[in-house]
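What follows is a single structure, written as structure tokens, with notes after it.
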Amino acid sequence: MAGPDGIDNLQAKQLANRTAFLKKQIDDLVSGALTAEYADRLKTPRKIEMTGDGSWNVVFDGSGNASAAMTLRDSGVAPGDYGMVTVDAKGRVTTARAIVPDDVPALDWSKIASGKPATLAGYGIADGASKTDLQNAVSGLVSGAPANLNTLQELAAAVNNDPKFSSTVDGKLAGKADKAVTLAGYGIADAVSKSDLKSAVDVSNSGKADKATTLAGYGITDAQPASPDLAALANLKGAAGLYVNTGPGAATVRSLAAGQGIAVSNGDGKAGNPTVALANTGVAAGTYGMVTVDAMGRVTAGRAMAAADVPALDWSKIANGMPNSLAGYGITDAAAINGNSSKTFSVANATSAAHAVAYGQFASALALTGYQYLPNGMLLQWGKTPGIAGAASYTGNFAIAFPNGIFSMTASSYLDTNHSEYFNVFVVSNTQYRITSGAAAAATAPVTWIAIGY
């Protein structure tokens with residue numbers, strides 16, 4: 001009853017054997033030693049991708065459908081705004097640049113609505129014949145011809161209205177052949193004579209084979225014997241499309257279908273090899289000044305630039321060619337310097353309607369550290385330092401640099417402390433100053449300062 005092979009241990013032993021068998025099967029599946037007949041996914045996922053005008057790829061392991069967005073290939077143009085672009089047949093911008101003066105269209109003659117001359121002389125044309133000149137020339141021809149041939153209509157009728165009468169006559173004569181009684185006599189080379197027909201019949205009868213039931217029986221070596229695959233193709237009965245062998249003796253028909261923005265030519269392969277490309281957007285390939293694009297950045301329409309398309313430019317866009325005188329701008333209501341080296345003028349007293357100086361001469365920055373210009377060039381600057389301890393120094397910057405020099409600078413304590421502080425002020429340069437607290441016992445205090453220069 002007991003023992004390793006006893007009845008009491010039989011069920012446990014059978015369970016252990018089944019567990020060991022199942023574990024080995026699983027280990028063999030994982031290692032690849034055992035091939036699974038059915039699986040819900042591939043052991044090694046596969047990558048499916050497309051290249052060319054766009055890129056797209058997915059990793060597919062058979063566990064479910066896979067999809068991904070296609071990315072159009074860059075056309076070589078940096079993203080941005082352009083005045084002139086070149087597009088291909090698929091509406092993609094391939095080159096782009098800014099507008100230049102030559103891009104502005106020339107006007108058509110029809111745009112000249114008035115003022116056009118009505119005579120040759122009005123246009124200055126000296127090598128053209130007027131109606132009077134033509135009438136005189138025709139009258140000279142008529143006066144020297146017979147009465148029945150003194151008009152163009154009579155001359156044309158005499159030659160049957162043929163503008164190439166001489167060539168016509170020569171051609172008719174050259175097309176005549178001498179009379180003969182044979183094909184060779186008439187120069188006929190594309191007909192068969194009676195002797196040629198007899199020789200052809202004799203040759204065809206001498207090459208007949210004995211009746212047979214196989215390709216080999218007829219000695220045929222350049223034909224394909226029947227097979228299940230050929231029978232499967234025959235069952236398709238000439239259906240248009242791409243024939244795909246789906247297994248031994250099995251075949252079906254497939255075709256390529258177009259997607260969004262994609263054009264497929266000969267998708268069934270009937271008229272030629274299938275091709276996949278970006279669909280045309282309807283715009284002709286070329287260079288346009290104005291274009292319309294869709295959400296995918298493809299040009300769908302284009303046209304030449306019109307005068308109204310040229311944007312109004314700010315004065316700052318005029319980079320060169322600007323005049324440097326009143327006369328250059330055509331200004332007649334201003335006074336010129338006229339060589340006065342001092343560049344001063346006698347002006348009337350200032351009123352609310354006519355200022356004696358320009359407002360821009362009062363440039364300023366009203367801040368804790370700021371400045372104020374006066375019209376005569378004088379510059380006032382002021383500021384406040386951080387706290388300066390006794391016997392310590394602080395070096396600071398003026399709000400702006402004095403263009404020429406500094407007349408004077410002074411400073412005082414910003415706080416009411418123990419009244420023992422005093423300060424020394426030094427002008428370091430036209431851009432910097434230094435303030436030193438003179439007493440070691442002085443309290444730490446900010447300093448306010450003012451400087452005058454030009």
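Residues in the structure tokens are numbered from 1 in each chain, the chains being A, B, ... in the order shown, and ligands are numbered from 1 in the order shown.
Excluding Tyr414 of chain A and any residue on its chain fewer than 4 positions from it, the residues at most 7 Å away by only C-alpha atoms are Ala445, Pro446, Val447 and Thr448 of chain A.
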- prompt: Hey, what's within 9 Å of Gln361 of chain A if we count only C-alpha atoms and toss same-chain stuff fewer than 6 positions away? As a PyMOL selection string, please?
  reply: chain A and resi 373-377
Generate the output file for the selected residues, all heavy atoms, as a PDB file, in the first residue's frame.
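For reference, part.pdb as written:
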```pdb
ATOM      1  N   TYR A 373      17.979 115.381 -21.433  1.00  0.00           N
ATOM      2  CA  TYR A 373      18.706 116.206 -22.389  1.00  0.00           C
ATOM      3  C   TYR A 373      18.028 117.560 -22.515  1.00  0.00           C
ATOM      4  O   TYR A 373      16.797 117.678 -22.446  1.00  0.00           O
ATOM      5  CB  TYR A 373      18.722 115.525 -23.765  1.00  0.00           C
ATOM      6  CG  TYR A 373      19.984 114.773 -24.075  1.00  0.00           C
ATOM      7  CD1 TYR A 373      19.986 113.392 -24.126  1.00  0.00           C
ATOM      8  CD2 TYR A 373      21.183 115.436 -24.327  1.00  0.00           C
ATOM      9  CE1 TYR A 373      21.144 112.685 -24.417  1.00  0.00           C
ATOM     10  CE2 TYR A 373      22.331 114.746 -24.601  1.00  0.00           C
ATOM     11  CZ  TYR A 373      22.326 113.379 -24.650  1.00  0.00           C
ATOM     12  OH  TYR A 373      23.471 112.694 -24.950  1.00  0.00           O
ATOM     13  N   LEU A 374      18.823 118.600 -22.730  1.00  0.00           N
ATOM     14  CA  LEU A 374      18.302 119.935 -23.063  1.00  0.00           C
ATOM     15  C   LEU A 374      18.648 120.233 -24.521  1.00  0.00           C
ATOM     16  O   LEU A 374      19.602 119.672 -25.073  1.00  0.00           O
ATOM     17  CB  LEU A 374      18.910 120.983 -22.136  1.00  0.00           C
ATOM     18  CG  LEU A 374      18.602 120.781 -20.633  1.00  0.00           C
ATOM     19  CD1 LEU A 374      19.276 121.880 -19.816  1.00  0.00           C
ATOM     20  CD2 LEU A 374      17.109 120.774 -20.383  1.00  0.00           C
ATOM     21  N   PRO A 375      17.880 121.119 -25.173  1.00  0.00           N
ATOM     22  CA  PRO A 375      18.092 121.363 -26.610  1.00  0.00           C
ATOM     23  C   PRO A 375      19.499 121.825 -26.967  1.00  0.00           C
ATOM     24  O   PRO A 375      19.966 121.604 -28.071  1.00  0.00           O
ATOM     25  CB  PRO A 375      17.045 122.422 -26.944  1.00  0.00           C
ATOM     26  CG  PRO A 375      15.980 122.230 -25.919  1.00  0.00           C
ATOM     27  CD  PRO A 375      16.696 121.839 -24.674  1.00  0.00           C
ATOM     28  N   ASN A 376      20.186 122.509 -26.054  1.00  0.00           N
ATOM     29  CA  ASN A 376      21.535 122.992 -26.371  1.00  0.00           C
ATOM     30  C   ASN A 376      22.611 121.915 -26.210  1.00  0.00           C
ATOM     31  O   ASN A 376      23.803 122.183 -26.325  1.00  0.00           O
ATOM     32  CB  ASN A 376      21.874 124.192 -25.485  1.00  0.00           C
ATOM     33  CG  ASN A 376      21.900 123.823 -24.005  1.00  0.00           C
ATOM     34  OD1 ASN A 376      21.585 122.698 -23.632  1.00  0.00           O
ATOM     35  ND2 ASN A 376      22.248 124.790 -23.155  1.00  0.00           N
ATOM     36  N   GLY A 377      22.202 120.677 -25.924  1.00  0.00           N
ATOM     37  CA  GLY A 377      23.157 119.592 -25.787  1.00  0.00           C
ATOM     38  C   GLY A 377      23.532 119.265 -24.360  1.00  0.00           C
ATOM     39  O   GLY A 377      24.217 118.267 -24.120  1.00  0.00           O
TER      40      GLY A 377
END
```
task: With a distance cut-off of 9 Å and only C-alpha atoms, select the neighbouring residues of Ala441 of chain A, excluding the residue or stretch itself and same-chain residues fewer than 5 positions from it, and output the selection as JSON, numbers by chain.
output: {"A": [389, 390, 391, 420, 421]}
task: Could you please write out, as a PyMOL selection string, every residue of segment 63-128 of chain A that DSSP assigns to strand (DSSP E)?
output: chain A and resi 71-72+84-87+93-97
Quick one: write out the picked residues with N, CA and C atoms as a short mmCIF file (atom, residue, chain, number, x, y, z; two decimals), in the first residue's frame?
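And here is the file that came out, result-v2.cif:
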```cif
data_model
loop_
_atom_site.label_atom_id
_atom_site.label_comp_id
_atom_site.auth_asym_id
_atom_site.auth_seq_id
_atom_site.Cartn_x
_atom_site.Cartn_y
_atom_site.Cartn_z
N THR A 71 4.24 60.39 -43.02
CA THR A 71 4.90 61.70 -43.02
C THR A 71 5.43 62.00 -44.41
N LEU A 72 5.00 63.13 -44.97
CA LEU A 72 5.50 63.51 -46.30
C LEU A 72 6.99 63.83 -46.24
N MET A 84 7.88 84.23 -53.77
CA MET A 84 7.90 83.47 -55.02
C MET A 84 8.26 82.03 -54.69
N VAL A 85 7.50 81.07 -55.23
CA VAL A 85 7.77 79.66 -54.99
C VAL A 85 7.67 78.89 -56.29
N THR A 86 8.34 77.73 -56.31
CA THR A 86 8.24 76.78 -57.43
C THR A 86 7.66 75.49 -56.89
N VAL A 87 6.65 74.95 -57.56
CA VAL A 87 6.01 73.72 -57.12
C VAL A 87 6.14 72.66 -58.19
N VAL A 93 6.01 72.64 -52.68
CA VAL A 93 6.96 73.73 -52.93
C VAL A 93 8.36 73.15 -52.93
N THR A 94 9.10 73.32 -54.05
CA THR A 94 10.44 72.76 -54.16
C THR A 94 11.53 73.82 -54.02
N THR A 95 11.26 75.05 -54.41
CA THR A 95 12.18 76.17 -54.18
C THR A 95 11.36 77.40 -53.83
N ALA A 96 11.96 78.31 -53.09
CA ALA A 96 11.26 79.52 -52.68
C ALA A 96 12.27 80.64 -52.46
N ARG A 97 11.81 81.85 -52.63
CA ARG A 97 12.69 83.00 -52.41
C ARG A 97 11.84 84.24 -52.17
#
```
task: From a DSSP calculation on the backbone, collect every residue of segment 121-274 of chain A in helix (DSSP H, G or I) and output the set as a ChimeraX atom specification.
output: /A:121-123,131-143,147-149,152-158,165-174,194-206,216-218,228-235
message: So that I can see what lies close to Gln372 of chain A, please list as a list of chain:residue names the residues with an atom at most 12 Å from it, counting only C-alpha atoms and leaving out residues fewer than 4 positions away in the same chain.
response: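 Near Gln372 of chain A, the qualifying residues are A:Gly360, A:Gln361, A:Phe362, A:Ala363, A:Ser364, A:Ala365, A:Leu366, A:Ala367, A:Asn376, A:Gly377, A:Met378, A:Leu379, A:Leu380, A:Gln381, A:Trp382, A:Ala399, A:Ile400, A:Phe402, A:Ile450, A:Ala451, A:Ile452, A:Gly453, A:Tyr454.
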Take the selection from the previous step and output its residues with N, CA and C atoms, as a PDB file, in the first residue's frame.
```
ATOM      1  N   GLY A 360      11.992 116.072 -29.946  1.00  0.00           N
ATOM      2  CA  GLY A 360      12.938 114.995 -29.754  1.00  0.00           C
ATOM      3  C   GLY A 360      14.228 115.422 -29.084  1.00  0.00           C
ATOM      4  N   GLN A 361      14.493 116.766 -29.030  1.00  0.00           N
ATOM      5  CA  GLN A 361      15.716 117.234 -28.365  1.00  0.00           C
ATOM      6  C   GLN A 361      15.602 117.158 -26.839  1.00  0.00           C
ATOM      7  N   PHE A 362      14.430 116.830 -26.307  1.00  0.00           N
ATOM      8  CA  PHE A 362      14.241 116.704 -24.866  1.00  0.00           C
ATOM      9  C   PHE A 362      14.228 115.237 -24.441  1.00  0.00           C
ATOM     10  N   ALA A 363      15.074 114.398 -25.051  1.00  0.00           N
ATOM     11  CA  ALA A 363      15.109 112.981 -24.702  1.00  0.00           C
ATOM     12  C   ALA A 363      15.389 112.800 -23.221  1.00  0.00           C
ATOM     13  N   SER A 364      14.727 111.826 -22.587  1.00  0.00           N
ATOM     14  CA  SER A 364      14.894 111.656 -21.144  1.00  0.00           C
ATOM     15  C   SER A 364      14.523 110.246 -20.736  1.00  0.00           C
ATOM     16  N   ALA A 365      14.902 109.892 -19.495  1.00  0.00           N
ATOM     17  CA  ALA A 365      14.490 108.658 -18.848  1.00  0.00           C
ATOM     18  C   ALA A 365      14.177 109.011 -17.405  1.00  0.00           C
ATOM     19  N   LEU A 366      12.899 109.148 -17.110  1.00  0.00           N
ATOM     20  CA  LEU A 366      12.474 109.581 -15.776  1.00  0.00           C
ATOM     21  C   LEU A 366      12.353 108.353 -14.884  1.00  0.00           C
ATOM     22  N   ALA A 367      13.457 108.027 -14.205  1.00  0.00           N
ATOM     23  CA  ALA A 367      13.517 106.864 -13.327  1.00  0.00           C
ATOM     24  C   ALA A 367      14.395 107.200 -12.128  1.00  0.00           C
ATOM     25  N   ASN A 376      20.186 122.509 -26.054  1.00  0.00           N
ATOM     26  CA  ASN A 376      21.535 122.992 -26.371  1.00  0.00           C
ATOM     27  C   ASN A 376      22.611 121.915 -26.210  1.00  0.00           C
ATOM     28  N   GLY A 377      22.202 120.677 -25.924  1.00  0.00           N
ATOM     29  CA  GLY A 377      23.157 119.592 -25.787  1.00  0.00           C
ATOM     30  C   GLY A 377      23.532 119.265 -24.360  1.00  0.00           C
ATOM     31  N   MET A 378      23.113 120.072 -23.393  1.00  0.00           N
ATOM     32  CA  MET A 378      23.445 119.795 -21.994  1.00  0.00           C
ATOM     33  C   MET A 378      22.701 118.552 -21.532  1.00  0.00           C
ATOM     34  N   LEU A 379      23.396 117.724 -20.702  1.00  0.00           N
ATOM     35  CA  LEU A 379      22.846 116.458 -20.234  1.00  0.00           C
ATOM     36  C   LEU A 379      22.894 116.432 -18.711  1.00  0.00           C
ATOM     37  N   LEU A 380      21.712 116.274 -18.084  1.00  0.00           N
ATOM     38  CA  LEU A 380      21.600 116.126 -16.637  1.00  0.00           C
ATOM     39  C   LEU A 380      21.330 114.667 -16.313  1.00  0.00           C
ATOM     40  N   GLN A 381      22.090 114.123 -15.317  1.00  0.00           N
ATOM     41  CA  GLN A 381      21.875 112.741 -14.891  1.00  0.00           C
ATOM     42  C   GLN A 381      21.825 112.687 -13.368  1.00  0.00           C
ATOM     43  N   TRP A 382      21.048 111.734 -12.838  1.00  0.00           N
ATOM     44  CA  TRP A 382      20.893 111.578 -11.397  1.00  0.00           C
ATOM     45  C   TRP A 382      20.735 110.101 -11.060  1.00  0.00           C
ATOM     46  N   ALA A 399      23.430 106.551 -16.072  1.00  0.00           N
ATOM     47  CA  ALA A 399      22.316 105.980 -16.838  1.00  0.00           C
ATOM     48  C   ALA A 399      22.700 105.823 -18.307  1.00  0.00           C
ATOM     49  N   ILE A 400      23.362 106.827 -18.885  1.00  0.00           N
ATOM     50  CA  ILE A 400      23.916 106.750 -20.235  1.00  0.00           C
ATOM     51  C   ILE A 400      25.271 107.428 -20.211  1.00  0.00           C
ATOM     52  N   PHE A 402      28.100 110.116 -20.993  1.00  0.00           N
ATOM     53  CA  PHE A 402      28.187 111.504 -21.436  1.00  0.00           C
ATOM     54  C   PHE A 402      28.959 111.525 -22.758  1.00  0.00           C
ATOM     55  N   ILE A 450      23.893 113.850  -8.403  1.00  0.00           N
ATOM     56  CA  ILE A 450      23.486 114.512  -9.638  1.00  0.00           C
ATOM     57  C   ILE A 450      24.758 114.951 -10.382  1.00  0.00           C
ATOM     58  N   ALA A 451      24.751 114.766 -11.708  1.00  0.00           N
ATOM     59  CA  ALA A 451      25.908 115.129 -12.528  1.00  0.00           C
ATOM     60  C   ALA A 451      25.431 115.946 -13.729  1.00  0.00           C
ATOM     61  N   ILE A 452      26.271 116.931 -14.141  1.00  0.00           N
ATOM     62  CA  ILE A 452      25.945 117.805 -15.267  1.00  0.00           C
ATOM     63  C   ILE A 452      27.076 117.712 -16.285  1.00  0.00           C
ATOM     64  N   GLY A 453      26.717 117.489 -17.559  1.00  0.00           N
ATOM     65  CA  GLY A 453      27.727 117.402 -18.615  1.00  0.00           C
ATOM     66  C   GLY A 453      27.097 117.679 -19.966  1.00  0.00           C
ATOM     67  N   TYR A 454      27.773 117.204 -21.011  1.00  0.00           N
ATOM     68  CA  TYR A 454      27.252 117.450 -22.372  1.00  0.00           C
ATOM     69  C   TYR A 454      27.749 116.332 -23.273  1.00  0.00           C
TER      70      TYR A 454
END
```
message: I'd like the interatomic distance between atom CA of Ala121 of chain A and atom CA of Asn136 of chain A, to a tenth of an Å.
response: 18.8 Å
